[in-house]
Amino acid sequence: MTAMTPGSNLPLNAVRVTVDVAAPVRLDVSALLLTADGKVRSDADFIFFNQPTGPGVTYRSGGGAAPDSVTVDTASVPPGIERIVVTASPDAAGQTFQGIEPTATVRNADGGSVIASFTPPQLATETALVVVEIYQRGGVWKVRAVGQGYANGLAGIATDFGVSVDEEPAPAAAVAPPAPPAPAAPPAPPAPPVHQPSPWLTAGAGTPTPVTPAPAPAAPPAAPAAAPATGKINLDKGRVSLQKNQTVSLVKGGRPLLSQVKMGLGWEPAFRGRDIDLDASVIAYGPQRNHIDSCYFGKLSILNGAIKHSGDNLTGEGAGDDEVIVVDLGRLPADATGLVFTVNSFSGQKFTDVAKAYCRLIDAASGEELVRFDLTSAEPQTGVMMAKLIRQFSGEWEMTAMGEFVKSRTVRGMVKPAAQAL
């Protein structure tokens, strides 16, 4: 048996595998079948307590006495499904995973032999978790340890993967003006038996809110489709100008941006200021905020060339970007899930001596500016976290403007605060 760590993967030596998920408390365990774009095809691809079977995937409840489990028959998974994610959430509403970290045990569903186990480390405020995923790569089925937590429950996972979930119970129909009395309503049906999975189907004080069924026949043409449930900005309307703490999803035309991009960082000395030597860097992290590597003037290429640095600018003078970091989003390894772009003053000058600091994301192929963030305030510090790129489990990347100042003259001193900011 192999004890897995976040981001690690193993080829599967069995056609049918079962993932048991156990914890000191009762869990709601689910599975989602995802296509290449990281979304379900319909709500039928969401396998859980009230919908325990799907194409090639079966859910089994342990009834509280044994672990819940998900079995994947890889030979029966339909074409177009590239991965199955296994999720978990404490059954008790609002309970976090702090101190009750679950363990996933992957075993041969037919022989019972254990293939691997995984316990996500350092959980805290997470109320839902993508535990592991079964995925296909180059015709080979593998298992990957994930351990990605969500603080907004399984509904947050549902939104990311395209499952329709009502956030609140549908309101009662309004009472019409006086009308003839309606016939007496038939007796209410019996309450559903036993266990109700919580965040997927429950909103508020235990009020069941069913998952929206697969779309019914289309209604007559109406207004264009509303924005995604996440409310995220994307690139469909052209260049996006961010303010501090705003986020843009790097999706254009419905497809995640997975090409080569450039992060240009620029600055000028403040009025009548002397030359200022700032250093732009990017720090790469894994799923558990673990530091993978840093790319800066002293290390111009990391992650097998997927991230490259243009080199050091000693003065900040001249038009255009002062330093450029090139990121090939499609070539980044699977365990690189977070990138934080930083700027430091190695010479010790403060950012109150800097004017017009900015960062901008550029399409490397076309030169088109996609996203821009202008730093509009300054603090007497020597480091600033400008922006972060976070890979979602849907496969898309999101860029968030940060503008957070730190006391650090080098990228080494930025590793810990940047991890905390992910």
# chains A, B, ... in the order shown; residues from 1 in each chain; ligands from 1
call {"tool": "residues_around", "arguments": {"residues": "region 235-246 of chain A", "least_positions_apart": "2", "cutoff": "8 Å", "atoms": "only C-alpha atoms", "output": "PyMOL selection string"}}
result
chain A and resi 233+248-253+369-374+400-403
call {"tool": "residues_around", "arguments": {"residues": "region 30-43 of chain A", "least_positions_apart": "3", "cutoff": "6 Å", "atoms": "only C-alpha atoms", "output": "ChimeraX atom specification"}}
result
/A:46-48,80-87,161-163,214,394-395
call {"tool": "atom_distance", "arguments": {"atom1": "CA of Arg412 (chain A)", "atom2": "CA of Gln148 (chain A)"}}
result
25.3 Å
call {"tool": "residues_around", "arguments": {"residues": "Thr18 (chain A)", "least_positions_apart": "2", "cutoff": "7 Å", "atoms": "only C-alpha atoms", "output": "mmCIF file with C-alpha atoms, in the first residue's frame"}}
result
data_model
loop_
_atom_site.group_PDB
_atom_site.id
_atom_site.type_symbol
_atom_site.label_atom_id
_atom_site.label_comp_id
_atom_site.auth_asym_id
_atom_site.auth_seq_id
_atom_site.Cartn_x
_atom_site.Cartn_y
_atom_site.Cartn_z
ATOM 1 C CA ARG A 16 -12.803 -1.530 -10.721
ATOM 2 C CA ASP A 20 -13.664 4.399 1.133
ATOM 3 C CA SER A 69 -17.646 4.575 -0.479
ATOM 4 C CA VAL A 70 -17.572 5.283 -4.195
ATOM 5 C CA THR A 71 -16.831 2.513 -6.700
ATOM 6 C CA VAL A 72 -15.595 3.361 -10.187
ATOM 7 C CA VAL A 106 -8.335 3.151 -2.476
ATOM 8 C CA ARG A 107 -8.676 -0.569 -3.056
ATOM 9 C CA ASN A 108 -9.345 -3.155 -5.728
ATOM 10 C CA ALA A 109 -13.142 -3.410 -5.780
#
call {"tool": "select_by_dssp", "arguments": {"residues": "region 79-108 of chain A", "states": "strand (DSSP E)", "output": "number ranges by chain"}}
result
A: 83-90, 103-108
call {"tool": "write_last_selection", "arguments": {"atoms": "all heavy atoms", "output": "mmCIF file, in the first residue's frame"}}
result
data_model
loop_
_atom_site.group_PDB
_atom_site.id
_atom_site.type_symbol
_atom_site.label_atom_id
_atom_site.label_comp_id
_atom_site.auth_asym_id
_atom_site.auth_seq_id
_atom_site.Cartn_x
_atom_site.Cartn_y
_atom_site.Cartn_z
ATOM 1 N N ARG A 83 -12.415 12.404 -15.689
ATOM 2 C CA ARG A 83 -12.068 12.185 -14.284
ATOM 3 C C ARG A 83 -13.308 12.137 -13.426
ATOM 4 O O ARG A 83 -14.356 12.692 -13.772
ATOM 5 C CB ARG A 83 -11.085 13.232 -13.764
ATOM 6 C CG ARG A 83 -11.542 14.660 -13.872
ATOM 7 C CD ARG A 83 -10.384 15.620 -13.600
ATOM 8 N NE ARG A 83 -10.756 17.000 -13.807
ATOM 9 C CZ ARG A 83 -10.762 17.923 -12.868
ATOM 10 N NH1 ARG A 83 -10.418 17.616 -11.633
ATOM 11 N NH2 ARG A 83 -11.095 19.171 -13.138
ATOM 12 N N ILE A 84 -13.173 11.442 -12.311
ATOM 13 C CA ILE A 84 -14.235 11.345 -11.310
ATOM 14 C C ILE A 84 -13.640 11.854 -10.004
ATOM 15 O O ILE A 84 -12.655 11.291 -9.505
ATOM 16 C CB ILE A 84 -14.740 9.897 -11.151
ATOM 17 C CG1 ILE A 84 -15.362 9.392 -12.455
ATOM 18 C CG2 ILE A 84 -15.737 9.797 -10.018
ATOM 19 C CD1 ILE A 84 -14.428 8.578 -13.303
ATOM 20 N N VAL A 85 -14.212 12.929 -9.467
ATOM 21 C CA VAL A 85 -13.721 13.446 -8.195
ATOM 22 C C VAL A 85 -14.592 12.917 -7.069
ATOM 23 O O VAL A 85 -15.813 12.810 -7.202
ATOM 24 C CB VAL A 85 -13.683 14.994 -8.166
ATOM 25 C CG1 VAL A 85 -12.721 15.531 -9.202
ATOM 26 C CG2 VAL A 85 -15.060 15.597 -8.362
ATOM 27 N N VAL A 86 -13.957 12.556 -5.977
ATOM 28 C CA VAL A 86 -14.648 12.051 -4.787
ATOM 29 C C VAL A 86 -14.585 13.147 -3.724
ATOM 30 O O VAL A 86 -13.498 13.614 -3.371
ATOM 31 C CB VAL A 86 -14.004 10.752 -4.283
ATOM 32 C CG1 VAL A 86 -14.693 10.272 -3.007
ATOM 33 C CG2 VAL A 86 -14.062 9.678 -5.362
ATOM 34 N N THR A 87 -15.744 13.564 -3.235
ATOM 35 C CA THR A 87 -15.826 14.659 -2.286
ATOM 36 C C THR A 87 -16.394 14.173 -0.957
ATOM 37 O O THR A 87 -17.016 13.114 -0.877
ATOM 38 C CB THR A 87 -16.726 15.786 -2.824
ATOM 39 O OG1 THR A 87 -18.093 15.334 -2.820
ATOM 40 C CG2 THR A 87 -16.335 16.157 -4.248
ATOM 41 N N ALA A 88 -16.195 14.978 0.079
ATOM 42 C CA ALA A 88 -16.718 14.635 1.406
ATOM 43 C C ALA A 88 -17.030 15.903 2.172
ATOM 44 O O ALA A 88 -16.401 16.949 1.962
ATOM 45 C CB ALA A 88 -15.721 13.781 2.181
ATOM 46 N N SER A 89 -17.996 15.795 3.063
ATOM 47 C CA SER A 89 -18.359 16.896 3.947
ATOM 48 C C SER A 89 -18.896 16.295 5.242
ATOM 49 O O SER A 89 -19.577 15.267 5.216
ATOM 50 C CB SER A 89 -19.434 17.767 3.294
ATOM 51 O OG SER A 89 -19.819 18.818 4.154
ATOM 52 N N PRO A 90 -18.608 16.906 6.410
ATOM 53 C CA PRO A 90 -19.204 16.410 7.647
ATOM 54 C C PRO A 90 -20.721 16.477 7.561
ATOM 55 O O PRO A 90 -21.295 17.443 7.051
ATOM 56 C CB PRO A 90 -18.655 17.365 8.718
ATOM 57 C CG PRO A 90 -17.395 17.905 8.134
ATOM 58 C CD PRO A 90 -17.661 18.017 6.675
ATOM 59 N N THR A 103 -9.739 10.046 5.955
ATOM 60 C CA THR A 103 -8.773 9.208 5.244
ATOM 61 C C THR A 103 -9.487 8.480 4.115
ATOM 62 O O THR A 103 -10.532 7.855 4.323
ATOM 63 C CB THR A 103 -8.126 8.176 6.180
ATOM 64 O OG1 THR A 103 -7.348 8.864 7.161
ATOM 65 C CG2 THR A 103 -7.219 7.224 5.400
ATOM 66 N N ALA A 104 -8.923 8.605 2.911
ATOM 67 C CA ALA A 104 -9.447 7.877 1.753
ATOM 68 C C ALA A 104 -8.585 6.638 1.535
ATOM 69 O O ALA A 104 -7.361 6.730 1.480
ATOM 70 C CB ALA A 104 -9.412 8.751 0.507
ATOM 71 N N THR A 105 -9.229 5.491 1.437
ATOM 72 C CA THR A 105 -8.530 4.238 1.153
ATOM 73 C C THR A 105 -8.991 3.742 -0.210
ATOM 74 O O THR A 105 -10.185 3.525 -0.429
ATOM 75 C CB THR A 105 -8.840 3.180 2.225
ATOM 76 O OG1 THR A 105 -8.461 3.696 3.509
ATOM 77 C CG2 THR A 105 -8.075 1.888 1.954
ATOM 78 N N VAL A 106 -8.043 3.603 -1.114
ATOM 79 C CA VAL A 106 -8.335 3.151 -2.476
ATOM 80 C C VAL A 106 -7.975 1.678 -2.568
ATOM 81 O O VAL A 106 -6.851 1.290 -2.246
ATOM 82 C CB VAL A 106 -7.526 3.962 -3.509
ATOM 83 C CG1 VAL A 106 -7.914 3.564 -4.935
ATOM 84 C CG2 VAL A 106 -7.726 5.462 -3.300
ATOM 85 N N ARG A 107 -8.940 0.864 -3.005
ATOM 86 C CA ARG A 107 -8.676 -0.569 -3.056
ATOM 87 C C ARG A 107 -9.278 -1.188 -4.316
ATOM 88 O O ARG A 107 -10.145 -0.601 -4.969
ATOM 89 C CB ARG A 107 -9.218 -1.270 -1.806
ATOM 90 C CG ARG A 107 -10.689 -1.017 -1.540
ATOM 91 C CD ARG A 107 -11.144 -1.614 -0.215
ATOM 92 N NE ARG A 107 -12.514 -1.268 0.111
ATOM 93 C CZ ARG A 107 -13.585 -1.889 -0.353
ATOM 94 N NH1 ARG A 107 -13.447 -2.934 -1.183
ATOM 95 N NH2 ARG A 107 -14.799 -1.506 -0.011
ATOM 96 N N ASN A 108 -8.792 -2.367 -4.633
ATOM 97 C CA ASN A 108 -9.345 -3.155 -5.728
ATOM 98 C C ASN A 108 -10.766 -3.564 -5.341
ATOM 99 O O ASN A 108 -10.975 -4.221 -4.319
ATOM 100 C CB ASN A 108 -8.461 -4.384 -5.964
ATOM 101 C CG ASN A 108 -8.896 -5.199 -7.170
ATOM 102 O OD1 ASN A 108 -10.080 -5.373 -7.426
ATOM 103 N ND2 ASN A 108 -7.919 -5.730 -7.895
#
call {"tool": "residues_around", "arguments": {"residues": "Glu101 (chain A)", "least_positions_apart": "5", "cutoff": "8 Å", "atoms": "only C-alpha atoms", "output": "ChimeraX atom specification"}}
result
/A:23,119-121,123
call {"tool": "atom_distance", "arguments": {"atom1": "CA of Thr96 (chain A)", "atom2": "CA of Gly286 (chain A)"}}
result
21.6 Å
call {"tool": "atom_distance", "arguments": {"atom1": "CA of Ala418 (chain A)", "atom2": "CA of Gln95 (chain A)"}}
result
27.2 Å
call {"tool": "closest_residue", "arguments": {"among": "A:Ala365, A:Met385, A:Leu303, A:Val57", "to": "Ala334 (chain A)", "atoms": "only C-alpha atoms"}}
result
A:Leu303
call {"tool": "closest_residue", "arguments": {"among": "A:Pro417, A:Glu268, A:Ala65, A:Gln392", "to": "Tyr150 (chain A)", "atoms": "only C-alpha atoms"}}
result
A:Gln392
